[in-house]
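Novice: Please find one structure pasted underneath; my questions will follow.
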Amino acid sequence: MSIKAIEISLHEHIGQSLPLYTTKTILTFSSHKLKMKHITWVTLINLLIHMFLFQAVIKCDARGMEYIQRLRVLAAKYNVTSILVFGDSSVDPGNNNNLPDTWHKGNFLPYGNDFARSTPTGRFTNGRLVTDFIAAALGYSKEIKAYLDPHLKDEDLLHGVSFASGGSGYDDFTANNITNVISLNKQLEYFKEYKIRMERLVGKQDAHKIVSNAVFILSMGTNDFLQNYYFDPTRSRMFTITQYQRYLISCMESYVKKMHSLGVRRLAVVGMEPFGCMPLIRTLKDSVKCDEEMNQVALSFNLLLKAKVSELETTLGMRTAFTDIYGLIQNILRSPSRYGFTETKKGCCGSGLTEFGTSLKGLSMCADHSKYVYWDAVHFTERMYVIIADKAVKSITTSLN
């Protein structure tokens with residue numbers, strides 16, 4: 001009798017009602033009718049252990065389950081219809097795949113190694129992204145697909161897509177002149193196209209309702225500093241770092257107003273991470289420590305961003321949420337064992353110190369992906385995105401309430 005392993009995601013079990021940060025459990029069953037006489041004591045013991053762990057996770061994550069249930073209740077109350085995403089590689093599920101002149105791509109292994117059937121989709125991680133987990137929390141789908149996915153179906157449009165592009169930023173100069181990816185301005189053009197497609201699909205009135213009741217997520221900014229200001233002389237000759245921060249805020253404000261004019265009424269903005277702690281930055285600075293000057297830039301930018309989001313909520317009459325991930329990530333990097341991590345200074349793939357994008361193609365991986373904060377020298381692992389998603393769900397829940 002052959003035995004096969006069936007992987008069950010706990011957050012997909014019992015109607016997907018479990019919290020986002022639940023880990024995965026392997027249960028072993030017979031591929032034919034299960035008969036006790038064919039089960040070895042080892043198999044039985046393993047099954048009992050996994051059942052015990054399953055129950056323990058449920059008890060420990062009761063608070064997380066409450067947030068999921070509250071989010072779904074509020075989503076139903078306020079008719080939240082879908083998730084629509086703008087941003088960079090933190091929320092890009094594959095829009096860069098067919099761009100001709102950029103190395104900001106992730107549609108090859110080891111990216112996607114822990115996605116369904118080890119499929120590289122263009123996500124810059126080993127599995128799913130924050131937005132995928134938020135969609136799962138709402139109960140819509142297991143993933144948010146790329147708008148430029150050639151296999152995108154009409155039903156995918158109904159519950160949300162991502163227009164995000166890895167390497168993009170608030171400053172269009174970043175995408176247009178440095179990384180050769182999809183600028184935020186172009187992402188908005190695709191959103192306009194999306195609205196037309198929706199009108200053809202469900203009618204103008206229903207399309208308007210879907211857009212006005214959707215939750216929009218905006219996650220970007222890191223590339224404006226790391227690939228633009230600090231490594232290209234154009235902006236640094238024009239602005240001091242403080243001036244550039246304020247310039248980016250003005251860009252963000254302008255685009256949010258454009259979003260509002262296009263029907264956006266609910267917007268969640270994700271703050272910047274402490275990018276001075278990225279393995280790539282540590283390597284370039286030849287230091288095992290984080291670059292505190294860069295971290296301070298990220299921290300002060302977040303303060304400006306949060307204030308502007310709050311201001312726009314008042315002036316535009318939007319529902320907004322600001323997800324501050326800086327402190328969460330700092331806590332994980334300072335006390336990784338509390339979160340189950342052991343490696344914070346290098347990525348899981350290649351040397352873990354310099355490679356990301358196309359330079360990661362075909363490189364080896366670490367043995368235990370769950371112990372690493374970073375997948376490559378820049379981007380987080382799926383496990384980190386699960387933790388970040390949990391915080392995002394809480395902020396969105398608060399904003400809807």
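Order determines the names: the first chain of the structure tokens is A, the second B, and so forth; residues in each chain are numbered 1 upward, and ligands are numbered 1 upward as they are shown.
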Taking only range 261-306 of chain A into account, list the residues labelled helix (DSSP H, G or I) by DSSP (computed from the backbone), as a PyMOL selection string.
Specialist: chain A and resi 261+275-277+279-284+292-306
Novice: Residues near Thr125 in chain A, anyone? I mean within 12 Å using only C-alpha atoms, not counting same-chain ones fewer than 2 positions away, as an MDAnalysis selection string.
Specialist: chainID A and resid 89:94 105:115 118:123 127:130 166 347:349 356:357 360 365 369 372:386
Novice: Excluding same-chain residues fewer than 3 positions from Leu280 in chain A, what lies within 12 Å of it counting only C-alpha atoms, as a compact mmCIF listing (two decimals) with N, CA and C atoms, in the first residue's frame?
Specialist:
# COMPACT_ATOMS: atom_id res chain seq x y z
N LEU A 226 16.92 53.29 -2.12
CA LEU A 226 18.02 52.34 -2.33
C LEU A 226 18.50 52.27 -3.78
N GLN A 227 17.59 52.38 -4.74
CA GLN A 227 18.02 52.27 -6.14
C GLN A 227 18.07 53.62 -6.83
N PHE A 275 15.20 49.55 6.06
CA PHE A 275 15.95 48.98 4.95
C PHE A 275 17.46 48.98 5.18
N GLY A 276 17.91 49.68 6.19
CA GLY A 276 19.34 49.63 6.53
C GLY A 276 19.77 48.29 7.09
N CYS A 277 18.80 47.41 7.34
CA CYS A 277 19.10 46.08 7.88
C CYS A 277 19.10 44.99 6.82
N THR A 283 26.10 44.17 3.47
CA THR A 283 27.24 43.75 2.65
C THR A 283 27.92 44.96 2.02
N LEU A 284 27.12 45.86 1.44
CA LEU A 284 27.70 47.04 0.78
C LEU A 284 28.40 47.95 1.78
N LYS A 285 27.92 47.96 3.00
CA LYS A 285 28.54 48.78 4.04
C LYS A 285 29.65 48.02 4.78
N ASP A 286 29.85 46.75 4.38
CA ASP A 286 30.88 45.90 5.00
C ASP A 286 30.72 45.88 6.52
N SER A 287 29.50 45.59 6.95
CA SER A 287 29.20 45.60 8.37
C SER A 287 28.19 44.51 8.69
N VAL A 288 28.31 43.94 9.88
CA VAL A 288 27.32 42.96 10.33
C VAL A 288 26.13 43.67 10.97
N LYS A 289 26.29 44.96 11.21
CA LYS A 289 25.24 45.74 11.85
C LYS A 289 24.38 46.44 10.80
N CYS A 290 23.19 46.84 11.23
CA CYS A 290 22.32 47.63 10.36
C CYS A 290 22.89 49.02 10.17
N ASP A 291 22.58 49.63 9.05
CA ASP A 291 22.98 51.01 8.82
C ASP A 291 21.93 51.92 9.47
N THR A 344 19.04 36.27 10.54
CA THR A 344 18.52 37.61 10.19
C THR A 344 19.47 38.41 9.32
N LYS A 345 20.71 37.97 9.18
CA LYS A 345 21.74 38.77 8.52
C LYS A 345 22.00 38.39 7.06
N LYS A 346 21.44 37.29 6.62
CA LYS A 346 21.60 36.89 5.21
C LYS A 346 20.36 36.16 4.73
N GLY A 347 20.18 36.18 3.41
CA GLY A 347 19.03 35.51 2.82
C GLY A 347 19.22 34.02 2.72
N SER A 351 24.47 33.21 -1.75
CA SER A 351 25.29 33.61 -0.60
C SER A 351 24.42 34.29 0.46
N GLY A 352 23.25 34.79 0.02
CA GLY A 352 22.35 35.49 0.93
C GLY A 352 22.78 36.91 1.21
N LEU A 353 23.83 37.38 0.53
CA LEU A 353 24.43 38.67 0.84
C LEU A 353 24.25 39.72 -0.25
N THR A 354 24.18 39.29 -1.51
CA THR A 354 24.11 40.27 -2.60
C THR A 354 23.06 39.95 -3.66
N GLU A 355 22.67 38.71 -3.80
CA GLU A 355 21.84 38.32 -4.94
C GLU A 355 20.35 38.60 -4.71
N PHE A 356 19.72 39.17 -5.75
CA PHE A 356 18.27 39.28 -5.83
C PHE A 356 17.91 39.55 -7.29
N TYR A 374 14.96 36.69 5.59
CA TYR A 374 15.08 37.12 4.19
C TYR A 374 15.20 35.91 3.26
N TRP A 375 14.53 36.00 2.11
CA TRP A 375 14.65 34.96 1.10
C TRP A 375 15.88 35.19 0.23
N ASP A 376 16.05 36.41 -0.24
CA ASP A 376 17.26 36.79 -0.96
C ASP A 376 17.95 37.90 -0.17
N ALA A 377 18.77 38.70 -0.80
CA ALA A 377 19.50 39.74 -0.07
C ALA A 377 18.66 40.98 0.19
N VAL A 378 17.40 40.98 -0.28
CA VAL A 378 16.54 42.15 -0.17
C VAL A 378 15.14 41.82 0.34
N HIS A 379 14.56 40.73 -0.15
CA HIS A 379 13.15 40.44 0.08
C HIS A 379 12.94 39.42 1.20
Novice: Tell me, as an MDAnalysis selection string, which residues lie within 10 Å of Phe225 in chain A, counting only C-alpha atoms; anything in the same chain fewer than 5 positions away does not count.
Specialist: chainID A and resid 169 171 174 230:232 235:236 241 244:245 248 275 294 297:298
Novice: Find the residue from A:Ile68, A:Ala75, A:Ala321, A:Leu333 that sits nearest to Ala136 in chain A; use only C-alpha atoms when measuring.
Specialist: A:Ile68
Novice: Could you list, as a list in words, every residue within 9 Å of range 258-261 of chain A, counting only C-alpha atoms and ignoring same-chain residues fewer than 5 positions away?
Specialist: Leu188, Glu253, Leu316 and Met318 of chain A
Novice: Can you tell me which residues surround Tyr140 in chain A at a distance of at most 9 Å, considering only C-alpha atoms, apart from same-chain residues fewer than 4 positions away, and format the answer as a PDB file with N, CA and C atoms, in the first residue's frame?
Specialist:
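The result, written out as around-v6.pdb:
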ATOM      1  N   THR A  81     -15.625  44.475  -1.435  1.00  0.00           N
ATOM      2  CA  THR A  81     -15.802  43.581  -2.579  1.00  0.00           C
ATOM      3  C   THR A  81     -14.515  42.926  -3.059  1.00  0.00           C
ATOM      4  N   SER A  82     -13.396  43.636  -2.943  1.00  0.00           N
ATOM      5  CA  SER A  82     -12.153  43.116  -3.509  1.00  0.00           C
ATOM      6  C   SER A  82     -10.952  43.872  -2.958  1.00  0.00           C
ATOM      7  N   ALA A 135      -6.180  38.624   1.232  1.00  0.00           N
ATOM      8  CA  ALA A 135      -7.298  38.112   0.425  1.00  0.00           C
ATOM      9  C   ALA A 135      -7.849  36.829   1.042  1.00  0.00           C
ATOM     10  N   ALA A 136      -6.949  35.967   1.515  1.00  0.00           N
ATOM     11  CA  ALA A 136      -7.379  34.717   2.146  1.00  0.00           C
ATOM     12  C   ALA A 136      -8.143  35.005   3.435  1.00  0.00           C
ATOM     13  N   HIS A 159     -12.574  39.875  -7.597  1.00  0.00           N
ATOM     14  CA  HIS A 159     -12.140  39.953  -6.207  1.00  0.00           C
ATOM     15  C   HIS A 159     -10.764  40.592  -6.047  1.00  0.00           C
ATOM     16  N   GLY A 160     -10.236  41.165  -7.127  1.00  0.00           N
ATOM     17  CA  GLY A 160      -9.033  41.963  -6.990  1.00  0.00           C
ATOM     18  C   GLY A 160      -7.837  41.464  -7.754  1.00  0.00           C
TER      19      GLY A 160
END
Novice: What's the 7 Å shell around Lys195 in chain A, counting only C-alpha atoms, without same-chain residues fewer than 4 positions away, as a ChimeraX atom specification?
Specialist: /A:191,199,207
Novice: Include N, CA, C and O atoms and write out the residues we just selected as a compact mmCIF listing (two decimals), in the first residue's frame.
Specialist:
# COMPACT_ATOMS: atom_id res chain seq x y z
N PHE A 191 -5.12 50.59 -14.00
CA PHE A 191 -6.33 50.59 -13.18
C PHE A 191 -7.51 51.16 -13.96
O PHE A 191 -8.63 50.64 -13.88
N GLU A 199 -16.60 47.20 -16.29
CA GLU A 199 -17.87 47.70 -16.81
C GLU A 199 -18.43 46.76 -17.88
O GLU A 199 -19.64 46.52 -17.95
N ALA A 207 -19.85 47.85 -11.58
CA ALA A 207 -18.40 48.09 -11.60
C ALA A 207 -18.03 49.24 -10.68
O ALA A 207 -17.03 49.18 -9.95
Novice: Measuring between only C-alpha atoms, which one of A:Tyr194, A:Tyr339, A:Phe216, A:Phe133 shows the shortest distance to Val393 in chain A?
Specialist: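 Answer, going by the shortest atom-to-atom distance: A:Phe133.
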Novice: If you measure from CA of Ala268 in chain A to CA of Ile217 in chain A, what distance in Å do you get, rounded to one decimal?
Specialist: 4.8 Å
Novice: What is the CA of Pro274 in chain A-CA of Asn295 in chain A distance in Å, reported with one decimal?
Specialist: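 According to the coordinates, CA of Pro274 in chain A and CA of Asn295 in chain A are separated by 4.9 Å.
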Novice: For the structure I just gave you, how does DSSP split range 103-334 of chain A - specifically, which residues are strand (DSSP E)? Reply as a PDB file with C-alpha atoms, in the first residue's frame.
Specialist:
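Dumped everything to result.pdb:
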ATOM      1  CA  LYS A 145      -3.064  37.713  -9.292  1.00  0.00           C
ATOM      2  CA  ALA A 146      -1.017  40.055 -11.442  1.00  0.00           C
ATOM      3  CA  VAL A 161      -5.738  42.134  -8.815  1.00  0.00           C
ATOM      4  CA  SER A 162      -2.339  43.726  -8.323  1.00  0.00           C
ATOM      5  CA  VAL A 215      -9.861  48.021  -0.268  1.00  0.00           C
ATOM      6  CA  PHE A 216      -6.864  49.492  -2.078  1.00  0.00           C
ATOM      7  CA  ILE A 217      -3.348  48.771  -0.850  1.00  0.00           C
ATOM      8  CA  LEU A 218      -0.336  50.984  -1.579  1.00  0.00           C
ATOM      9  CA  SER A 219       3.084  49.578  -0.660  1.00  0.00           C
ATOM     10  CA  ARG A 266     -10.692  52.896   1.044  1.00  0.00           C
ATOM     11  CA  LEU A 267      -6.908  52.946   1.100  1.00  0.00           C
ATOM     12  CA  ALA A 268      -4.357  51.098   3.233  1.00  0.00           C
ATOM     13  CA  VAL A 269      -0.821  52.489   2.990  1.00  0.00           C
ATOM     14  CA  VAL A 270       2.094  50.316   4.107  1.00  0.00           C
ATOM     15  CA  ARG A 319     -11.283  55.617   4.901  1.00  0.00           C
ATOM     16  CA  THR A 320      -7.559  55.062   5.374  1.00  0.00           C
ATOM     17  CA  ALA A 321      -5.253  52.756   7.293  1.00  0.00           C
ATOM     18  CA  PHE A 322      -1.530  53.139   7.879  1.00  0.00           C
ATOM     19  CA  THR A 323       0.318  49.881   8.468  1.00  0.00           C
TER      20      THR A 323
END
Novice: Which residue is closest to Asp224 in chain A? Choose from A:Met272, A:Val211, A:Val256, A:Leu201 and count only C-alpha atoms.
Specialist: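 When distances to Asp224 in chain A are compared using only C-alpha atoms, the smallest one comes from A:Met272.
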Novice: Which residue gives the smallest distance to Leu299 in chain A among A:Thr222, A:Ser395, A:Ser165, A:Ser212, with only C-alpha atoms counted?
Specialist: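 So, comparing all the options, the nearest one is A:Thr222.
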Novice: Given the choices A:Leu148, A:Gly340, A:Ile387, A:Ser359, which gets closest to Trp103 in chain A if the distance is worked out from only C-alpha atoms?
Specialist: A:Ser359
Novice: Nearest to Asn185 in chain A among A:Gln296, A:Thr242, A:Ser254, A:Thr131, with distances taken over only C-alpha atoms: which residue is it?
Specialist: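 Ranked by minimum distance to Asn185 in chain A, first place goes to A:Ser254.
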Novice: Just the number, please: distance in Å from CA of Cys251 in chain A to CA of Leu303 in chain A, one decimal.
Specialist: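 Going from CA of Cys251 in chain A over to CA of Leu303 in chain A, I get 15.8 Å.
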